[in-house]
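Source file input.txt; content: compact mmCIF, C-alpha atoms.
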```txt
# COMPACT_ATOMS: atom_id res chain seq x y z
CA MET A 1 -95.58 46.65 -64.22
CA THR A 2 -92.59 45.26 -62.37
CA THR A 3 -91.95 41.55 -62.65
CA VAL A 4 -89.92 39.39 -60.27
CA ASN A 5 -87.15 39.15 -62.85
CA GLU A 6 -86.83 42.90 -63.12
CA THR A 7 -86.59 43.29 -59.37
CA GLU A 8 -83.71 40.83 -59.25
CA ALA A 9 -81.93 42.24 -62.27
CA LEU A 10 -78.37 43.38 -61.54
CA VAL A 11 -79.02 44.58 -58.01
CA PRO A 12 -79.33 42.97 -54.59
CA ALA A 13 -82.90 43.37 -53.39
CA GLU A 14 -82.03 44.79 -49.97
CA GLN A 15 -80.08 47.60 -51.65
CA ALA A 16 -83.07 48.69 -53.73
CA GLU A 17 -85.24 49.02 -50.63
CA ARG A 18 -82.77 51.08 -48.59
CA LYS A 19 -83.34 54.84 -48.36
CA VAL A 20 -80.62 56.91 -50.03
CA ASP A 21 -78.60 59.23 -47.80
CA TRP A 22 -76.82 61.72 -50.07
CA ALA A 23 -73.90 62.40 -47.70
CA TRP A 24 -73.06 58.69 -47.77
CA VAL A 25 -73.52 58.58 -51.55
CA GLY A 26 -71.04 61.49 -51.87
CA ALA A 27 -68.57 59.62 -49.68
CA GLY A 28 -69.12 56.53 -51.84
CA VAL A 29 -68.35 58.46 -55.04
CA VAL A 30 -65.11 59.80 -53.53
CA LEU A 31 -64.19 56.26 -52.45
CA VAL A 32 -64.83 54.76 -55.91
CA LEU A 33 -62.78 57.52 -57.57
CA ALA A 34 -59.92 57.05 -55.07
CA LEU A 35 -59.86 53.28 -55.63
CA ALA A 36 -59.94 53.84 -59.42
CA TRP A 37 -56.94 56.14 -59.09
CA LEU A 38 -55.15 53.47 -57.02
CA THR A 39 -55.94 50.89 -59.73
CA ARG A 40 -54.47 53.15 -62.42
CA TYR A 41 -51.40 53.72 -60.26
CA LEU A 42 -50.86 49.97 -59.77
CA ASP A 43 -51.48 49.26 -63.47
CA LYS A 44 -48.80 51.78 -64.44
CA ASN A 45 -46.22 50.90 -61.81
CA VAL A 46 -46.41 47.20 -60.86
CA PRO A 47 -44.67 45.99 -64.10
CA GLY A 48 -41.79 48.38 -63.32
CA TRP A 49 -41.55 47.17 -59.71
CA LEU A 50 -41.37 43.54 -60.86
CA ALA A 51 -39.15 44.15 -63.91
CA ASP A 52 -36.15 42.31 -62.49
CA THR A 53 -38.06 39.38 -61.01
CA SER A 54 -39.37 36.10 -62.42
CA LEU A 55 -42.89 37.60 -62.41
CA ASN A 56 -41.88 40.14 -65.07
CA ARG A 57 -43.86 38.65 -67.99
CA VAL A 58 -46.94 37.92 -65.89
CA ALA A 59 -46.93 41.46 -64.48
CA LYS A 60 -46.75 42.93 -67.99
CA SER A 61 -49.74 40.91 -69.18
CA VAL A 62 -51.99 41.53 -66.16
CA GLU A 63 -54.53 44.13 -67.23
CA TYR A 64 -56.35 46.81 -65.30
CA PRO A 65 -59.56 44.77 -64.72
CA VAL A 66 -57.54 42.43 -62.50
CA TYR A 67 -56.13 45.27 -60.37
CA ALA A 68 -59.54 46.96 -60.28
CA ILE A 69 -61.38 43.85 -59.07
CA VAL A 70 -58.68 43.08 -56.47
CA VAL A 71 -58.71 46.69 -55.19
CA GLY A 72 -62.54 46.63 -55.13
CA LEU A 73 -62.58 43.33 -53.22
CA ALA A 74 -60.11 44.70 -50.66
CA GLY A 75 -62.32 47.79 -50.24
CA ASN A 76 -65.33 45.47 -49.96
CA ALA A 77 -63.70 43.55 -47.10
CA VAL A 78 -62.87 46.75 -45.19
CA LEU A 79 -66.32 48.29 -45.73
CA THR A 80 -68.07 45.05 -44.72
CA ALA A 81 -65.94 44.77 -41.58
CA THR A 82 -66.74 48.35 -40.59
CA GLY A 83 -70.41 47.88 -41.44
CA VAL A 84 -70.77 50.87 -43.82
CA ARG A 85 -70.84 49.14 -47.21
CA ASP A 86 -74.60 49.16 -47.72
CA ARG A 87 -74.81 52.90 -46.98
CA LEU A 88 -72.13 53.68 -49.59
CA ALA A 89 -73.49 51.15 -52.11
CA PRO A 90 -75.75 53.53 -54.12
CA ALA A 91 -72.52 55.17 -55.41
CA PHE A 92 -71.27 51.90 -56.91
CA ARG A 93 -72.87 52.48 -60.32
CA THR A 94 -71.42 49.43 -62.08
CA GLU A 95 -73.93 49.50 -64.90
CA PHE A 96 -73.59 53.20 -65.66
CA PHE A 97 -69.78 53.09 -65.66
CA ILE A 98 -69.53 49.98 -67.76
CA LYS A 99 -72.14 51.05 -70.30
CA THR A 100 -70.55 54.47 -70.74
CA GLY A 101 -67.24 52.68 -71.30
CA LEU A 102 -68.89 50.51 -73.95
CA VAL A 103 -70.43 53.50 -75.74
CA LEU A 104 -66.89 54.94 -75.90
CA LEU A 105 -65.63 51.59 -77.25
CA GLY A 106 -67.94 52.13 -80.24
CA VAL A 107 -65.80 54.98 -81.58
CA SER A 108 -62.82 52.62 -82.05
CA ILE A 109 -64.83 50.52 -84.51
CA ASN A 110 -64.33 51.67 -88.08
CA LEU A 111 -67.35 50.37 -89.95
CA SER A 112 -65.74 50.94 -93.35
CA LEU A 113 -63.28 48.19 -92.42
CA LEU A 114 -66.21 45.78 -92.44
CA VAL A 115 -67.08 46.52 -96.07
CA THR A 116 -63.51 46.55 -97.41
CA ALA A 117 -60.67 44.59 -95.79
CA ALA A 118 -62.56 42.22 -93.59
CA GLY A 119 -64.40 39.78 -95.91
CA PRO A 120 -62.86 36.61 -94.46
CA ALA A 121 -62.96 38.18 -90.97
CA ILE A 122 -66.75 38.59 -91.20
CA VAL A 123 -67.25 35.01 -92.39
CA GLN A 124 -64.94 33.75 -89.62
CA ALA A 125 -66.67 35.89 -86.97
CA LEU A 126 -70.17 34.75 -87.95
CA LEU A 127 -69.27 31.04 -88.05
CA LEU A 128 -67.12 31.17 -84.92
CA ILE A 129 -69.60 33.17 -82.84
CA SER A 130 -72.58 31.01 -83.81
CA GLY A 131 -70.66 27.74 -83.37
CA VAL A 132 -69.10 28.57 -80.00
CA PHE A 133 -72.20 30.36 -78.68
CA LEU A 134 -74.49 27.42 -79.45
CA PHE A 135 -72.01 24.89 -78.02
CA THR A 136 -71.64 26.87 -74.78
CA TRP A 137 -75.41 27.36 -74.50
CA TRP A 138 -75.99 23.63 -75.10
CA LEU A 139 -73.32 22.51 -72.59
CA GLY A 140 -74.54 25.04 -69.99
CA GLY A 141 -78.02 23.54 -70.38
CA LYS A 142 -76.70 19.98 -69.99
CA LEU A 143 -74.96 20.97 -66.74
CA GLY A 144 -78.06 22.75 -65.46
CA LEU A 145 -76.77 26.35 -65.41
CA ASP A 146 -79.15 29.26 -64.96
CA ASP A 147 -80.29 30.54 -68.40
CA LYS A 148 -78.94 34.03 -67.75
CA LEU A 149 -75.51 32.76 -66.76
CA ARG A 150 -75.55 30.52 -69.86
CA ALA A 151 -76.21 33.56 -72.04
CA LEU A 152 -73.41 35.53 -70.35
CA LEU A 153 -70.82 32.76 -70.61
CA ALA A 154 -71.80 31.94 -74.20
CA SER A 155 -71.52 35.61 -75.24
CA ALA A 156 -68.26 36.11 -73.34
CA VAL A 157 -66.46 33.12 -74.77
CA SER A 158 -67.79 33.41 -78.32
CA ILE A 159 -67.51 37.17 -78.94
CA CYS A 160 -65.16 39.37 -77.03
CA GLY A 161 -65.12 38.61 -73.36
CA VAL A 162 -66.10 41.21 -70.84
CA SER A 163 -67.71 43.70 -73.24
CA ALA A 164 -69.96 41.03 -74.72
CA ALA A 165 -70.83 39.71 -71.27
CA ILE A 166 -71.94 43.22 -70.26
CA ALA A 167 -74.08 43.68 -73.35
CA ALA A 168 -75.59 40.23 -72.80
CA ALA A 169 -76.18 41.01 -69.10
CA GLY A 170 -78.18 44.07 -70.17
CA ALA A 171 -80.16 42.09 -72.73
CA VAL A 172 -81.10 39.19 -70.43
CA ARG A 173 -81.14 41.16 -67.14
CA ALA A 174 -78.54 39.07 -65.40
CA LYS A 175 -77.49 39.53 -61.78
CA ARG A 176 -74.34 41.49 -61.01
CA GLU A 177 -72.68 38.49 -59.41
CA GLN A 178 -73.22 36.55 -62.64
CA LEU A 179 -71.55 39.35 -64.60
CA ALA A 180 -68.63 39.50 -62.14
CA TYR A 181 -68.28 35.73 -62.40
CA ALA A 182 -68.26 35.75 -66.21
CA ALA A 183 -65.76 38.65 -66.24
CA SER A 184 -63.44 36.86 -63.81
CA LEU A 185 -63.46 33.70 -65.96
CA VAL A 186 -62.68 35.72 -69.10
CA ILE A 187 -59.67 37.35 -67.46
CA LEU A 188 -58.50 34.08 -65.90
CA PHE A 189 -58.56 32.27 -69.25
CA ALA A 190 -57.12 35.19 -71.28
CA LEU A 191 -53.88 35.29 -69.28
CA PRO A 192 -52.37 31.92 -70.35
CA SER A 193 -53.68 32.35 -73.92
CA ILE A 194 -51.47 35.41 -74.39
CA PHE A 195 -48.38 33.18 -74.22
CA LEU A 196 -49.82 29.85 -75.33
CA LEU A 197 -51.26 30.84 -78.71
CA PRO A 198 -48.22 32.62 -80.21
CA TRP A 199 -46.06 29.70 -79.02
CA LEU A 200 -48.41 27.12 -80.59
CA ALA A 201 -48.56 29.19 -83.81
CA GLY A 202 -44.78 28.79 -83.99
CA VAL A 203 -44.94 25.06 -83.22
CA PHE A 204 -47.61 24.51 -85.93
CA GLY A 205 -45.65 26.71 -88.38
CA LEU A 206 -48.68 28.95 -89.13
CA SER A 207 -48.36 31.89 -91.53
CA ASP A 208 -48.67 35.41 -90.07
CA ALA A 209 -52.20 35.83 -91.45
CA VAL A 210 -53.45 32.49 -90.09
CA ALA A 211 -51.73 33.04 -86.72
CA GLY A 212 -53.25 36.53 -86.46
CA ALA A 213 -56.74 35.34 -87.41
CA TRP A 214 -56.48 32.51 -84.89
CA ILE A 215 -55.36 34.80 -82.07
CA GLY A 216 -57.94 37.49 -82.92
CA GLY A 217 -60.75 34.95 -83.18
CA ASN A 218 -59.90 33.20 -79.97
CA ILE A 219 -58.63 35.42 -77.17
CA ASP A 220 -61.46 37.22 -75.45
CA THR A 221 -60.14 40.60 -74.46
CA THR A 222 -59.04 43.16 -77.01
CA ALA A 223 -55.98 44.16 -74.97
CA ALA A 224 -54.88 40.51 -74.67
CA VAL A 225 -55.28 40.10 -78.44
CA THR A 226 -52.95 43.05 -78.91
CA ALA A 227 -50.44 41.59 -76.46
CA ALA A 228 -50.52 38.13 -78.11
CA GLY A 229 -50.52 39.62 -81.61
CA THR A 230 -47.42 41.62 -80.71
CA LEU A 231 -45.64 38.45 -79.59
CA ALA A 232 -46.54 36.76 -82.90
CA GLY A 233 -45.33 39.66 -85.07
CA GLU A 234 -46.49 42.91 -86.70
CA ASP A 235 -48.47 41.39 -89.62
CA ALA A 236 -50.15 38.87 -87.32
CA LEU A 237 -51.13 41.77 -85.04
CA LYS A 238 -52.83 43.61 -87.93
CA ILE A 239 -54.96 40.59 -88.88
CA ALA A 240 -55.67 39.77 -85.20
CA THR A 241 -56.92 43.33 -84.68
CA ILE A 242 -59.17 43.23 -87.77
CA VAL A 243 -60.68 39.91 -86.68
CA LYS A 244 -61.20 41.12 -83.10
CA VAL A 245 -62.77 44.42 -84.16
CA THR A 246 -65.11 42.55 -86.51
CA GLN A 247 -66.27 40.40 -83.60
CA ASN A 248 -66.68 43.48 -81.38
CA ALA A 249 -68.85 45.11 -84.04
CA LEU A 250 -71.27 42.18 -83.76
CA ILE A 251 -72.01 42.90 -80.05
CA GLY A 252 -75.01 45.03 -81.03
CA ILE A 253 -76.52 42.30 -83.22
CA VAL A 254 -76.06 39.66 -80.51
CA ALA A 255 -77.69 41.99 -77.92
CA VAL A 256 -80.76 42.41 -80.15
CA ALA A 257 -80.92 38.65 -80.79
CA LEU A 258 -80.60 37.80 -77.08
CA THR A 259 -83.28 40.34 -76.13
CA ALA A 260 -85.67 38.74 -78.61
CA TRP A 261 -84.70 35.18 -77.66
CA PHE A 262 -85.29 35.73 -73.94
CA ALA A 263 -88.55 37.58 -74.58
CA PHE A 264 -90.01 35.03 -77.00
CA LYS A 265 -88.56 31.73 -75.75
CA VAL A 266 -86.72 31.60 -72.43
CA GLU A 267 -88.86 33.79 -70.15
CA ARG A 268 -92.20 33.31 -71.87
CA THR A 269 -94.56 31.01 -70.06
CA ALA A 270 -97.03 28.76 -71.88
CA ASP A 271 -100.08 30.85 -70.99
CA SER A 272 -98.60 34.32 -71.54
CA ALA A 273 -99.31 36.37 -74.64
CA ARG A 274 -96.74 36.72 -77.42
CA PRO A 275 -94.57 39.77 -76.55
CA GLY A 276 -95.00 42.69 -78.95
CA ALA A 277 -92.61 45.30 -80.29
CA GLY A 278 -93.19 47.44 -77.17
CA GLU A 279 -92.02 44.64 -74.87
CA LEU A 280 -88.92 44.06 -77.00
CA TRP A 281 -88.09 47.78 -76.92
CA ARG A 282 -88.57 47.85 -73.13
CA ARG A 283 -86.13 44.96 -72.69
CA PHE A 284 -83.58 46.13 -75.23
CA PRO A 285 -80.33 47.49 -73.63
CA LYS A 286 -80.54 51.05 -74.97
CA PHE A 287 -76.83 51.81 -74.56
CA VAL A 288 -76.22 49.52 -77.54
CA LEU A 289 -77.74 52.35 -79.61
CA GLY A 290 -75.06 54.65 -78.17
CA PHE A 291 -72.43 52.05 -79.09
CA VAL A 292 -73.69 51.91 -82.70
CA ALA A 293 -74.00 55.72 -82.91
CA ALA A 294 -70.42 56.06 -81.63
CA SER A 295 -69.24 53.60 -84.32
CA VAL A 296 -70.96 55.67 -87.04
CA ILE A 297 -69.47 58.92 -85.67
CA GLY A 298 -66.02 57.27 -85.32
CA THR A 299 -66.14 55.95 -88.89
CA TRP A 300 -67.14 59.35 -90.26
CA PHE A 301 -64.37 61.03 -88.22
CA ALA A 302 -61.68 58.54 -89.33
CA ASN A 303 -62.60 59.11 -92.98
CA THR A 304 -62.73 62.91 -92.61
CA VAL A 305 -59.61 63.97 -90.67
CA SER A 306 -55.93 63.08 -91.04
CA ALA A 307 -54.65 59.77 -89.66
CA ALA A 308 -52.62 61.65 -87.02
CA ASP A 309 -55.64 63.65 -85.80
CA ASN A 310 -57.74 60.49 -85.74
CA SER A 311 -55.25 58.50 -83.68
CA ALA A 312 -54.82 61.43 -81.26
CA ALA A 313 -58.60 61.56 -80.70
CA GLN A 314 -58.79 57.75 -80.46
CA ALA A 315 -56.10 57.82 -77.76
CA VAL A 316 -58.16 60.25 -75.64
CA ALA A 317 -61.33 58.18 -76.14
CA THR A 318 -59.47 55.00 -75.16
CA ASN A 319 -58.16 56.72 -72.04
CA PHE A 320 -61.69 57.77 -70.99
CA ARG A 321 -63.00 54.30 -71.77
CA THR A 322 -60.31 52.77 -69.55
CA TRP A 323 -61.25 55.11 -66.70
CA PHE A 324 -64.94 54.20 -66.93
CA LEU A 325 -64.18 50.47 -67.07
CA ILE A 326 -61.84 50.79 -64.06
CA LEU A 327 -64.66 52.52 -62.14
CA ALA A 328 -66.95 49.68 -63.19
CA PHE A 329 -64.63 46.87 -62.11
CA VAL A 330 -63.84 48.60 -58.82
CA SER A 331 -67.62 48.79 -58.25
CA ILE A 332 -68.01 45.09 -59.13
CA GLY A 333 -65.34 44.27 -56.52
CA LEU A 334 -67.05 46.49 -53.95
CA GLU A 335 -70.44 44.86 -54.51
CA PHE A 336 -69.25 41.28 -54.82
CA ARG A 337 -71.12 38.71 -52.73
CA LEU A 338 -69.55 35.31 -52.34
CA THR A 339 -72.84 33.57 -51.58
CA ALA A 340 -74.05 34.04 -55.16
CA LEU A 341 -70.96 32.27 -56.48
CA ARG A 342 -71.20 29.41 -54.00
CA GLU A 343 -74.63 28.67 -55.44
CA ALA A 344 -73.15 28.48 -58.95
CA GLY A 345 -70.40 25.99 -57.95
CA TRP A 346 -67.89 24.40 -60.36
CA ARG A 347 -70.20 23.93 -63.34
CA PRO A 348 -69.73 27.40 -64.97
CA ILE A 349 -65.95 26.88 -64.85
CA ALA A 350 -66.30 23.50 -66.59
CA VAL A 351 -68.57 25.06 -69.23
CA PHE A 352 -66.22 27.99 -69.82
CA ALA A 353 -63.13 25.76 -70.02
CA SER A 354 -64.78 23.35 -72.48
CA ALA A 355 -66.06 26.25 -74.58
CA THR A 356 -62.57 27.75 -74.64
CA VAL A 357 -61.13 24.49 -76.00
CA VAL A 358 -63.84 24.33 -78.70
CA ASN A 359 -63.17 27.99 -79.51
CA ILE A 360 -59.43 27.31 -79.92
CA GLY A 361 -60.04 24.34 -82.25
CA LEU A 362 -62.78 25.94 -84.35
CA ALA A 363 -60.90 29.27 -84.61
CA LEU A 364 -57.78 27.44 -85.84
CA ALA A 365 -59.74 25.46 -88.44
CA LEU A 366 -61.54 28.59 -89.72
CA ALA A 367 -58.34 30.67 -89.72
CA ALA A 368 -56.49 28.00 -91.72
CA LEU A 369 -59.40 27.72 -94.16
CA LEU A 370 -60.23 31.40 -94.68
CA PHE A 371 -56.88 33.13 -94.25
CA ALA A 372 -54.54 30.68 -96.05
CA ASP A 373 -54.12 32.99 -99.09
CA PHE A 374 -54.76 36.28 -97.26
CA THR A 375 -52.12 39.00 -97.40
CA VAL A 376 -51.96 42.02 -95.07
CA MET J 1 -84.30 47.71 -59.30
CA SER J 2 -87.38 48.68 -61.28
CA GLY J 3 -87.61 48.80 -65.06
CA PRO J 4 -87.61 52.59 -65.40
CA THR J 5 -84.41 52.94 -63.26
CA ARG J 6 -82.58 50.49 -65.48
CA ILE J 7 -83.70 52.31 -68.60
CA SER J 8 -82.58 55.67 -67.25
CA GLU J 9 -79.15 54.19 -66.49
CA ASP J 10 -78.95 52.96 -70.10
CA TRP J 11 -79.87 56.37 -71.46
CA ALA J 12 -77.57 58.18 -69.01
CA ALA J 13 -74.63 56.05 -70.20
CA THR J 14 -75.55 56.70 -73.84
CA VAL J 15 -75.85 60.47 -73.36
CA VAL J 16 -72.68 60.83 -71.23
CA GLY J 17 -70.70 58.60 -73.62
CA LEU J 18 -71.80 60.45 -76.75
CA VAL J 19 -71.33 63.92 -75.20
CA LEU J 20 -67.80 62.96 -74.12
CA LEU J 21 -67.17 61.66 -77.63
CA VAL J 22 -68.28 64.91 -79.25
CA LEU J 23 -66.08 66.89 -76.83
CA ILE J 24 -63.11 64.64 -77.65
CA LEU J 25 -63.60 64.74 -81.43
CA THR J 26 -64.05 68.52 -81.48
CA GLY J 27 -60.81 68.87 -79.48
CA ALA J 28 -62.54 70.41 -76.45
CA ILE J 29 -61.01 67.64 -74.30
CA SER J 30 -57.41 66.66 -74.88
CA GLN J 31 -55.11 63.98 -73.50
CA GLY J 32 -53.75 66.35 -70.84
CA ILE J 33 -56.93 66.28 -68.76
CA LEU J 34 -56.39 62.63 -67.83
CA GLN J 35 -52.71 62.76 -66.98
```

Will you turn the file into structure tokens for me?
Amino acid sequence: MTTVNETEALVPAEQAERKVDWAWVGAGVVLVLALAWLTRYLDKNVPGWLADTSLNRVAKSVEYPVYAIVVGLAGNAVLTATGVRDRLAPAFRTEFFIKTGLVLLGVSINLSLLVTAAGPAIVQALLLISGVFLFTWWLGGKLGLDDKLRALLASAVSICGVSAAIAAAGAVRAKREQLAYAASLVILFALPSIFLLPWLAGVFGLSDAVAGAWIGGNIDTTAAVTAAGTLAGEDALKIATIVKVTQNALIGIVAVALTAWFAFKVERTADSARPGAGELWRRFPKFVLGFVAASVIGTWFANTVSAADNSAAQAVATNFRTWFLILAFVSIGLEFRLTALREAGWRPIAVFASATVVNIGLALALAALLFADFTV
Amino acid sequence: MSGPTRISEDWAATVVGLVLLVLILTGAISQGILQ
């Protein structure tokens, strides 16, 4: 049976009702691929073009999701003006692209790290994620945000940004505009953090381990963690990466928890029956299983082959993952509808900004407490 | 979008992702293909 919530999930209603014309879909696929290629081209070349200007450092830290969304939005404007966007829209498979990218992300997670080097990282991740998630959820409720957007923002700010927002969007069946909104906020807030946190670590006189744990626990995109960790030094980068990967590994657990929470609490009306295991399975975002399977395969591979062979394979997997995520963000840009954001207003920004401040404070306290005597 | 469509997209992503992974780890796909 199809409920109202399912019909709304992640797709504009008018698109679902439109008949698919395969020639237009083919044209749409070519368009998405061409825009993805353009994104990749800009990502590779813009820093070089701006190398001698004052925008040099900003250009280096801007990541491909920004170019992809901008390119997608530009395409969106052209297609809307020419009146062909809705015919091409079935080719904009945001969910498929992004979920495939996330399955590929799984292979970069070495589960053996979780049972050996990452004791304090696990404690930090669990405390930080629960603390920041619950704060964001509470504040979102106070400001009257939609429950699905609350779940997306809380996951994005507490775990690992865009990836977590996608997993949460699958679990709670959020709308695409909500996902695009959450992703834009993550990217917007990650940019200044790349420079701010290493600088503050220096001002506070933090050790490499504490600085790394702070950066890894706080910045929401893995690439930005790497950039900030690099600015703070090699040892800080190692710790930052361990902390970040530990948080990433918890995406699956949070997806299961959110699925259950929404099924049992948020979307359950007073007179409806208690949802059974079948209902939970139906709601569960199945690609999370692919993510976990990829982590198991990746861990086995890393412990079986030489370090050189492993990093060569990881590089190819990362490259594919980047391509899929570029396709996804281009699609998000192409499908973006401003009206959905106008309804949301300023409140999500206030929630995200407040949650980021809490995240920075709590991450610093936990890093100082748990990593004070930690050596790389 | 109906429930079954969403589920098939989830499974499609899982299958495509894992197949790509196997091809990468067995060396059937190398870095050159993406350059």

Best match for closeness to Gly170 in chain A among A:Asn110, A:Thr100, A:Thr259, A:Thr230, counting only C-alpha atoms: A:Thr259

Could you make a table, as a Markdown table, of the residues of chain A that have an atom within 6 Å of an atom of chain J, each with its nearest atom pair and distance in Å to one decimal, counting all atoms listed in the file, in chain and number order?
```
| residue | atom | partner | partner_atom | distance |
| --- | --- | --- | --- | --- |
| A:Thr7 | CA | J:Met1 | CA | 5.0 |
| A:Ala16 | CA | J:Met1 | CA | 5.8 |
| A:Phe96 | CA | J:Ala13 | CA | 5.5 |
| A:Lys99 | CA | J:Ala13 | CA | 5.6 |
| A:Thr100 | CA | J:Ala13 | CA | 4.4 |
| A:Val103 | CA | J:Gly17 | CA | 5.5 |
| A:Leu104 | CA | J:Gly17 | CA | 5.8 |
| A:Lys286 | CA | J:Asp10 | CA | 5.5 |
| A:Phe287 | CA | J:Asp10 | CA | 5.1 |
| A:Gly290 | CA | J:Thr14 | CA | 4.8 |
| A:Ala313 | CA | J:Leu25 | CA | 6.0 |
| A:Val316 | CA | J:Gln31 | CA | 5.3 |
```

Please list as a PyMOL selection string every residue within 10 Å of Ala363 in chain A, counting all atoms listed in the file and excluding residues in the same chain fewer than 5 positions away. chain A and resi 124-125+127-129+131-132+210+213-219+357-358+368-369

With 6 Å added on each side, what axis-aligned box encloses every listed atom of range 7-12 of chain J? Give the centre and edge lengths in Å to one decimal, as JSON.
```
{"center_x": -80.6, "center_y": 55.2, "center_z": -69.0, "size_x": 18.1, "size_y": 17.9, "size_z": 17.0}
```

For CA of Leu185 in chain A and CA of Trp138 in chain A, the interatomic separation in Å (one decimal): 18.5 Å

Which value, in Å to one decimal, gives the distance between CA of Lys175 in chain A and CA of Cys160 in chain A? 19.6 Å

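Shortest atom-to-atom contact with Ala165 in chain A among A:Val256, A:Ala367, A:Ala232, A:Ala151: A:Ala151, counting all atoms listed in the file.
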
Exercise: Ala171 in chain A partners within 9 Å, only C-alpha atoms, chain neighbours under 3 positions left out, as an MDAnalysis selection string: chainID A and resid 166:168 174 255:260 262 283:285

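CA of Val330 in chain A sits 20.4 Å away from CA of Ala23 in chain A.
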
Give me the residues near range 54-67 of chain A as a ChimeraX atom specification, where near means some atom within 12 Å (using all atoms listed in the file) and where sequence neighbours in that chain fewer than 5 positions away do not count. /A:35-49,72-74,98,161-163,180,183-195,221-228,230-231,321-333

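By chain and then residue number, the residues within 8 Å of Phe352 in chain A are Thr136, Leu153, Val157, Leu185, Pro348, Ile349, Ala355 and Thr356 of chain A, counting all atoms listed in the file and disregarding those fewer than 3 positions away in sequence.
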
Filtering to N, CA and C atoms, could range 16-32 of chain J of the supplied structure be written out as a PDB file, in the first residue's frame?
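The resulting decode-v7.pdb:
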```pdb
ATOM      1  N   VAL J  16      25.262  -2.301  -8.238  1.00  0.00           N
ATOM      2  CA  VAL J  16      26.245  -1.618  -9.099  1.00  0.00           C
ATOM      3  C   VAL J  16      27.512  -1.284  -8.297  1.00  0.00           C
ATOM      4  N   GLY J  17      27.329  -0.763  -7.076  1.00  0.00           N
ATOM      5  CA  GLY J  17      28.478  -0.417  -6.232  1.00  0.00           C
ATOM      6  C   GLY J  17      29.352  -1.619  -5.932  1.00  0.00           C
ATOM      7  N   LEU J  18      28.721  -2.736  -5.540  1.00  0.00           N
ATOM      8  CA  LEU J  18      29.506  -3.921  -5.167  1.00  0.00           C
ATOM      9  C   LEU J  18      30.161  -4.569  -6.387  1.00  0.00           C
ATOM     10  N   VAL J  19      29.459  -4.586  -7.531  1.00  0.00           N
ATOM     11  CA  VAL J  19      30.056  -5.155  -8.751  1.00  0.00           C
ATOM     12  C   VAL J  19      31.281  -4.330  -9.161  1.00  0.00           C
ATOM     13  N   LEU J  20      31.129  -3.001  -9.122  1.00  0.00           N
ATOM     14  CA  LEU J  20      32.271  -2.126  -9.442  1.00  0.00           C
ATOM     15  C   LEU J  20      33.448  -2.416  -8.507  1.00  0.00           C
ATOM     16  N   LEU J  21      33.111  -2.589  -7.237  1.00  0.00           N
ATOM     17  CA  LEU J  21      34.130  -2.847  -6.222  1.00  0.00           C
ATOM     18  C   LEU J  21      34.901  -4.129  -6.524  1.00  0.00           C
ATOM     19  N   VAL J  22      34.158  -5.183  -6.866  1.00  0.00           N
ATOM     20  CA  VAL J  22      34.799  -6.459  -7.179  1.00  0.00           C
ATOM     21  C   VAL J  22      35.704  -6.295  -8.405  1.00  0.00           C
ATOM     22  N   LEU J  23      35.217  -5.570  -9.418  1.00  0.00           N
ATOM     23  CA  LEU J  23      36.017  -5.345 -10.628  1.00  0.00           C
ATOM     24  C   LEU J  23      37.298  -4.561 -10.299  1.00  0.00           C
ATOM     25  N   ILE J  24      37.161  -3.579  -9.389  1.00  0.00           N
ATOM     26  CA  ILE J  24      38.328  -2.775  -9.010  1.00  0.00           C
ATOM     27  C   ILE J  24      39.330  -3.623  -8.233  1.00  0.00           C
ATOM     28  N   LEU J  25      38.828  -4.390  -7.248  1.00  0.00           N
ATOM     29  CA  LEU J  25      39.734  -5.150  -6.374  1.00  0.00           C
ATOM     30  C   LEU J  25      40.386  -6.316  -7.106  1.00  0.00           C
ATOM     31  N   THR J  26      39.724  -6.837  -8.139  1.00  0.00           N
ATOM     32  CA  THR J  26      40.348  -7.925  -8.903  1.00  0.00           C
ATOM     33  C   THR J  26      41.265  -7.376  -9.998  1.00  0.00           C
ATOM     34  N   GLY J  27      41.320  -6.044 -10.122  1.00  0.00           N
ATOM     35  CA  GLY J  27      42.220  -5.429 -11.103  1.00  0.00           C
ATOM     36  C   GLY J  27      41.635  -5.351 -12.501  1.00  0.00           C
ATOM     37  N   ALA J  28      40.344  -5.731 -12.652  1.00  0.00           N
ATOM     38  CA  ALA J  28      39.723  -5.685 -13.978  1.00  0.00           C
ATOM     39  C   ALA J  28      39.536  -4.230 -14.446  1.00  0.00           C
ATOM     40  N   ILE J  29      39.357  -3.311 -13.466  1.00  0.00           N
ATOM     41  CA  ILE J  29      39.280  -1.885 -13.791  1.00  0.00           C
ATOM     42  C   ILE J  29      40.477  -1.205 -13.153  1.00  0.00           C
ATOM     43  N   SER J  30      41.192  -0.416 -13.912  1.00  0.00           N
ATOM     44  CA  SER J  30      42.340   0.285 -13.340  1.00  0.00           C
ATOM     45  C   SER J  30      42.114   1.795 -13.446  1.00  0.00           C
ATOM     46  N   GLN J  31      43.052   2.530 -12.890  1.00  0.00           N
ATOM     47  CA  GLN J  31      42.931   3.991 -12.826  1.00  0.00           C
ATOM     48  C   GLN J  31      42.768   4.612 -14.217  1.00  0.00           C
ATOM     49  N   GLY J  32      43.404   3.986 -15.228  1.00  0.00           N
ATOM     50  CA  GLY J  32      43.425   4.555 -16.571  1.00  0.00           C
ATOM     51  C   GLY J  32      42.061   4.827 -17.167  1.00  0.00           C
TER      52      GLY J  32
END
```
